[in-house]
Amino acid sequence: MVKEIARTVEIPEGVAVSVEGNTVTVKGPKGQLTRQLSYPEIEIKKEDSQLIVNSRLNRKQHRAMVGTLAAHIGNMVAGVTRGYEYKMKVVYSHFPIQLKAASNELIINNFLGERKPRSARILPGAKVEIGKDEVSITGIDKEQVGQTMANIEQATKVRGFDIRIFQDGIYLVEKR
């Protein structure tokens with residue numbers, strides 16, 4: 001006897017979802033996201049106002065992957081309805097950090113008094129706004145926004161100094 005594993009994702013009003021093979025497209029008030037979601041023996045189908053991710057195999061890997069794919073689709077739906085916003089705080093005690101957003105990177109000048117500027121890659125789909133001592137990253141794709149935030153945080157990682165004393169950097173303070 002084979003027991004199917006299934007997870008459902010509710011589709012709110014104002015959001016259109018289409019499934020064509022392994023490609024899931026979600027359209028909403030904030031934009032459109034398309035993603036390839038595939039795994040052997042797992043299928044995604046649309047019924048009424050729900051998406052159903054199910055697997056015919058009841059193995060640990062397949063149960064985990066069904067949950068993962070359902071979570072990805074849920075993040076896509078949340079992105080096109082609400083969007084994502086990460087707020088970061090610029091912290092310095094020794095040398096004032098100067099930020100400048102170029103087309104696809106954030107230039108970080110005077111970090112710990114270094115003459116050579118550091119840079120962090122801004123992924124497509126993420127928009128970076130710079131305030132006086134804060135950085136705001138917004139977008140509809142959770143992975144692009146989160147990876148851009150991580151790139152900025154990693155670019156200001158302190159190396160070669162005691163991190164208990166040199167706590168300078170750009171750190172995440174709020175997610176929405």
# chains A, B, ... in the order shown; residues from 1 in each chain; ligands from 1
$ residues_around --residues "Ile42 in chain A" --least-positions-apart "4" --cutoff "10 Å" --atoms "only C-alpha atoms" --output "PyMOL selection string"
chain A and resi 5-6+22+37-38+53-57+62-63+65-66+69
$ write_last_selection --atoms "N, CA and C atoms" --output "mmCIF file, in the first residue's frame"
data_model
loop_
_atom_site.group_PDB
_atom_site.id
_atom_site.type_symbol
_atom_site.label_atom_id
_atom_site.label_comp_id
_atom_site.auth_asym_id
_atom_site.auth_seq_id
_atom_site.Cartn_x
_atom_site.Cartn_y
_atom_site.Cartn_z
ATOM 1 N N ILE A 5 1.792 11.626 0.079
ATOM 2 C CA ILE A 5 2.111 12.759 0.941
ATOM 3 C C ILE A 5 1.680 14.002 0.163
ATOM 4 N N ALA A 6 0.954 14.917 0.797
ATOM 5 C CA ALA A 6 0.502 16.117 0.088
ATOM 6 C C ALA A 6 0.522 17.320 1.016
ATOM 7 N N ASN A 22 7.185 21.728 -14.953
ATOM 8 C CA ASN A 22 7.904 22.005 -13.708
ATOM 9 C C ASN A 22 7.969 23.493 -13.387
ATOM 10 N N LEU A 37 10.456 24.250 -10.377
ATOM 11 C CA LEU A 37 10.393 23.427 -9.170
ATOM 12 C C LEU A 37 10.182 21.980 -9.599
ATOM 13 N N SER A 38 11.219 21.173 -9.473
ATOM 14 C CA SER A 38 11.059 19.776 -9.866
ATOM 15 C C SER A 38 11.845 18.867 -8.939
ATOM 16 N N VAL A 53 0.955 20.070 -3.675
ATOM 17 C CA VAL A 53 2.251 19.450 -3.926
ATOM 18 C C VAL A 53 2.170 18.066 -3.302
ATOM 19 N N ASN A 54 2.290 17.012 -4.135
ATOM 20 C CA ASN A 54 2.182 15.675 -3.556
ATOM 21 C C ASN A 54 3.207 14.715 -4.130
ATOM 22 N N SER A 55 3.425 13.651 -3.390
ATOM 23 C CA SER A 55 4.355 12.604 -3.767
ATOM 24 C C SER A 55 3.685 11.262 -3.532
ATOM 25 N N ARG A 56 3.906 10.349 -4.462
ATOM 26 C CA ARG A 56 3.352 9.009 -4.301
ATOM 27 C C ARG A 56 4.230 8.163 -3.383
ATOM 28 N N LEU A 57 5.477 8.549 -3.222
ATOM 29 C CA LEU A 57 6.386 7.779 -2.381
ATOM 30 C C LEU A 57 6.405 8.339 -0.968
ATOM 31 N N HIS A 62 11.343 12.414 0.225
ATOM 32 C CA HIS A 62 10.197 12.937 -0.508
ATOM 33 C C HIS A 62 9.278 13.754 0.391
ATOM 34 N N ARG A 63 9.112 13.333 1.646
ATOM 35 C CA ARG A 63 8.309 14.119 2.587
ATOM 36 C C ARG A 63 8.950 15.491 2.801
ATOM 37 N N MET A 65 11.007 17.072 0.759
ATOM 38 C CA MET A 65 10.987 17.852 -0.474
ATOM 39 C C MET A 65 9.594 18.404 -0.767
ATOM 40 N N VAL A 66 8.543 17.665 -0.411
ATOM 41 C CA VAL A 66 7.177 18.165 -0.582
ATOM 42 C C VAL A 66 7.002 19.429 0.262
ATOM 43 N N LEU A 69 9.107 22.381 -1.351
ATOM 44 C CA LEU A 69 8.495 22.966 -2.547
ATOM 45 C C LEU A 69 7.249 23.765 -2.186
#
$ residues_around --residues "Leu99 in chain A" --least-positions-apart "2" --cutoff "12 Å" --atoms "only C-alpha atoms" --output "list of chain:residue names"
A:Val90, A:Pro96, A:Ile97, A:Ala101, A:Ala102, A:Glu105, A:Leu106, A:Ile107, A:Ile108, A:Asn109, A:Asn110, A:Phe111, A:Pro117, A:Arg118, A:Ser119, A:Ala120, A:Val128, A:Glu129, A:Ile130, A:Gly131, A:Lys132, A:Asp133, A:Glu134, A:Val135, A:Ile152, A:Thr156, A:Gly169, A:Ile170
$ write_last_selection --atoms "C-alpha atoms" --output "compact mmCIF listing (two decimals), in the first residue's frame"
# COMPACT_ATOMS: atom_id res chain seq x y z
CA VAL A 90 25.27 50.74 9.87
CA PRO A 96 32.64 56.63 9.65
CA ILE A 97 31.44 54.25 6.94
CA ALA A 101 24.79 52.29 -4.38
CA ALA A 102 25.96 51.64 -7.94
CA GLU A 105 26.72 46.70 -6.19
CA LEU A 106 26.96 48.59 -2.92
CA ILE A 107 30.30 50.39 -2.46
CA ILE A 108 31.48 50.57 1.17
CA ASN A 109 34.16 53.22 1.71
CA ASN A 110 36.32 53.90 4.78
CA PHE A 111 35.40 50.64 6.54
CA PRO A 117 36.64 50.24 -0.86
CA ARG A 118 34.73 47.01 -0.25
CA SER A 119 31.77 46.05 -2.40
CA ALA A 120 28.69 43.87 -2.02
CA VAL A 128 18.68 48.93 -2.01
CA GLU A 129 17.95 52.30 -0.39
CA ILE A 130 20.56 54.01 1.75
CA GLY A 131 19.63 56.26 4.68
CA LYS A 132 21.91 58.08 7.10
CA ASP A 133 22.78 55.06 9.24
CA GLU A 134 20.50 52.40 7.78
CA VAL A 135 20.14 50.34 4.62
CA ILE A 152 26.26 43.25 2.43
CA THR A 156 31.69 44.19 6.22
CA GLY A 169 29.74 46.61 10.25
CA ILE A 170 26.30 46.57 8.65
$ select_by_dssp --residues "range 33-158 of chain A" --states "alpha helix (DSSP H)" --output "mmCIF file with N, CA and C atoms, in the first residue's frame"
data_model
loop_
_atom_site.group_PDB
_atom_site.id
_atom_site.type_symbol
_atom_site.label_atom_id
_atom_site.label_comp_id
_atom_site.auth_asym_id
_atom_site.auth_seq_id
_atom_site.Cartn_x
_atom_site.Cartn_y
_atom_site.Cartn_z
ATOM 1 N N LYS A 60 11.452 9.540 3.506
ATOM 2 C CA LYS A 60 11.844 10.730 4.256
ATOM 3 C C LYS A 60 12.252 11.870 3.315
ATOM 4 N N GLN A 61 13.039 11.555 2.287
ATOM 5 C CA GLN A 61 13.485 12.584 1.345
ATOM 6 C C GLN A 61 12.307 13.224 0.630
ATOM 7 N N HIS A 62 11.343 12.414 0.225
ATOM 8 C CA HIS A 62 10.197 12.937 -0.508
ATOM 9 C C HIS A 62 9.278 13.754 0.391
ATOM 10 N N ARG A 63 9.112 13.333 1.646
ATOM 11 C CA ARG A 63 8.309 14.119 2.587
ATOM 12 C C ARG A 63 8.950 15.491 2.801
ATOM 13 N N ALA A 64 10.265 15.504 2.963
ATOM 14 C CA ALA A 64 10.983 16.766 3.167
ATOM 15 C C ALA A 64 10.889 17.655 1.935
ATOM 16 N N MET A 65 11.007 17.072 0.759
ATOM 17 C CA MET A 65 10.987 17.852 -0.474
ATOM 18 C C MET A 65 9.594 18.404 -0.767
ATOM 19 N N VAL A 66 8.543 17.665 -0.411
ATOM 20 C CA VAL A 66 7.177 18.165 -0.582
ATOM 21 C C VAL A 66 7.002 19.429 0.262
ATOM 22 N N GLY A 67 7.461 19.401 1.506
ATOM 23 C CA GLY A 67 7.382 20.575 2.374
ATOM 24 C C GLY A 67 8.206 21.739 1.856
ATOM 25 N N THR A 68 9.377 21.432 1.326
ATOM 26 C CA THR A 68 10.249 22.482 0.800
ATOM 27 C C THR A 68 9.622 23.168 -0.409
ATOM 28 N N LEU A 69 9.107 22.381 -1.351
ATOM 29 C CA LEU A 69 8.495 22.966 -2.547
ATOM 30 C C LEU A 69 7.249 23.765 -2.186
ATOM 31 N N ALA A 70 6.454 23.268 -1.226
ATOM 32 C CA ALA A 70 5.275 24.018 -0.785
ATOM 33 C C ALA A 70 5.684 25.343 -0.135
ATOM 34 N N ALA A 71 6.765 25.326 0.637
ATOM 35 C CA ALA A 71 7.256 26.560 1.275
ATOM 36 C C ALA A 71 7.748 27.560 0.229
ATOM 37 N N HIS A 72 8.431 27.077 -0.820
ATOM 38 C CA HIS A 72 8.886 27.971 -1.895
ATOM 39 C C HIS A 72 7.698 28.644 -2.577
ATOM 40 N N ILE A 73 6.651 27.869 -2.852
ATOM 41 C CA ILE A 73 5.469 28.438 -3.504
ATOM 42 C C ILE A 73 4.785 29.432 -2.567
ATOM 43 N N GLY A 74 4.711 29.114 -1.282
ATOM 44 C CA GLY A 74 4.145 30.048 -0.303
ATOM 45 C C GLY A 74 4.925 31.349 -0.236
ATOM 46 N N ASN A 75 6.256 31.270 -0.327
ATOM 47 C CA ASN A 75 7.093 32.476 -0.335
ATOM 48 C C ASN A 75 6.865 33.299 -1.599
ATOM 49 N N MET A 76 6.637 32.624 -2.730
ATOM 50 C CA MET A 76 6.358 33.340 -3.974
ATOM 51 C C MET A 76 5.026 34.088 -3.865
ATOM 52 N N VAL A 77 4.006 33.437 -3.307
ATOM 53 C CA VAL A 77 2.695 34.074 -3.141
ATOM 54 C C VAL A 77 2.805 35.269 -2.194
ATOM 55 N N ALA A 78 3.526 35.100 -1.078
ATOM 56 C CA ALA A 78 3.708 36.202 -0.127
ATOM 57 C C ALA A 78 4.490 37.354 -0.763
ATOM 58 N N GLY A 79 5.447 37.038 -1.611
ATOM 59 C CA GLY A 79 6.249 38.070 -2.259
ATOM 60 C C GLY A 79 5.444 38.936 -3.208
ATOM 61 N N VAL A 80 4.570 38.329 -4.010
ATOM 62 C CA VAL A 80 3.804 39.118 -4.974
ATOM 63 C C VAL A 80 2.622 39.838 -4.320
ATOM 64 N N THR A 81 2.260 39.464 -3.086
ATOM 65 C CA THR A 81 1.185 40.184 -2.401
ATOM 66 C C THR A 81 1.739 41.250 -1.459
ATOM 67 N N LYS A 142 12.062 36.489 -2.200
ATOM 68 C CA LYS A 142 12.678 36.360 -0.876
ATOM 69 C C LYS A 142 14.141 35.957 -0.967
ATOM 70 N N GLU A 143 14.479 35.081 -1.902
ATOM 71 C CA GLU A 143 15.866 34.618 -2.017
ATOM 72 C C GLU A 143 16.794 35.728 -2.499
ATOM 73 N N GLN A 144 16.347 36.527 -3.458
ATOM 74 C CA GLN A 144 17.183 37.623 -3.967
ATOM 75 C C GLN A 144 17.409 38.683 -2.887
ATOM 76 N N VAL A 145 16.347 39.033 -2.160
ATOM 77 C CA VAL A 145 16.463 40.047 -1.103
ATOM 78 C C VAL A 145 17.350 39.529 0.026
ATOM 79 N N GLY A 146 17.137 38.283 0.442
ATOM 80 C CA GLY A 146 17.929 37.706 1.525
ATOM 81 C C GLY A 146 19.393 37.539 1.167
ATOM 82 N N GLN A 147 19.676 37.132 -0.074
ATOM 83 C CA GLN A 147 21.064 36.962 -0.488
ATOM 84 C C GLN A 147 21.776 38.307 -0.620
ATOM 85 N N THR A 148 21.068 39.332 -1.073
ATOM 86 C CA THR A 148 21.657 40.670 -1.137
ATOM 87 C C THR A 148 22.016 41.159 0.265
ATOM 88 N N MET A 149 21.105 40.911 1.233
ATOM 89 C CA MET A 149 21.377 41.285 2.622
ATOM 90 C C MET A 149 22.608 40.541 3.139
ATOM 91 N N ALA A 150 22.704 39.256 2.838
ATOM 92 C CA ALA A 150 23.849 38.465 3.291
ATOM 93 C C ALA A 150 25.145 38.947 2.640
ATOM 94 N N ASN A 151 25.086 39.338 1.371
ATOM 95 C CA ASN A 151 26.277 39.860 0.685
ATOM 96 C C ASN A 151 26.785 41.125 1.360
ATOM 97 N N ILE A 152 25.866 42.002 1.756
ATOM 98 C CA ILE A 152 26.257 43.251 2.426
ATOM 99 C C ILE A 152 26.868 42.941 3.793
ATOM 100 N N GLU A 153 26.235 42.032 4.535
ATOM 101 C CA GLU A 153 26.741 41.683 5.863
ATOM 102 C C GLU A 153 28.130 41.036 5.768
ATOM 103 N N GLN A 154 28.337 40.159 4.792
ATOM 104 C CA GLN A 154 29.633 39.497 4.625
ATOM 105 C C GLN A 154 30.716 40.459 4.153
ATOM 106 N N ALA A 155 30.341 41.462 3.368
ATOM 107 C CA ALA A 155 31.338 42.420 2.877
ATOM 108 C C ALA A 155 31.931 43.237 4.012
#
$ residues_around --residues "Gly83 in chain A" --least-positions-apart "4" --cutoff "8 Å" --atoms "only C-alpha atoms" --output "compact mmCIF listing (two decimals) with N, CA and C atoms, in the first residue's frame"
# COMPACT_ATOMS: atom_id res chain seq x y z
N LYS A 30 2.09 43.07 -6.85
CA LYS A 30 3.43 43.65 -6.82
C LYS A 30 4.32 43.18 -7.97
N ALA A 78 3.53 35.10 -1.08
CA ALA A 78 3.71 36.20 -0.13
C ALA A 78 4.49 37.35 -0.76
N GLY A 79 5.45 37.04 -1.61
CA GLY A 79 6.25 38.07 -2.26
C GLY A 79 5.44 38.94 -3.21
N THR A 138 14.50 45.92 -0.43
CA THR A 138 13.14 45.51 -0.72
C THR A 138 13.08 44.73 -2.02
N GLY A 139 12.04 43.92 -2.16
CA GLY A 139 11.83 43.16 -3.38
C GLY A 139 10.72 42.14 -3.19
N ILE A 140 10.38 41.42 -4.29
CA ILE A 140 9.32 40.43 -4.19
C ILE A 140 9.86 39.01 -4.11
N ASP A 141 11.13 38.81 -4.45
CA ASP A 141 11.73 37.48 -4.39
C ASP A 141 12.53 37.35 -3.09
$ closest_residue --among "A:Gln50, A:Gln167, A:Thr25, A:Gln36" --to "Tyr92 in chain A" --atoms "only C-alpha atoms"
A:Gln167
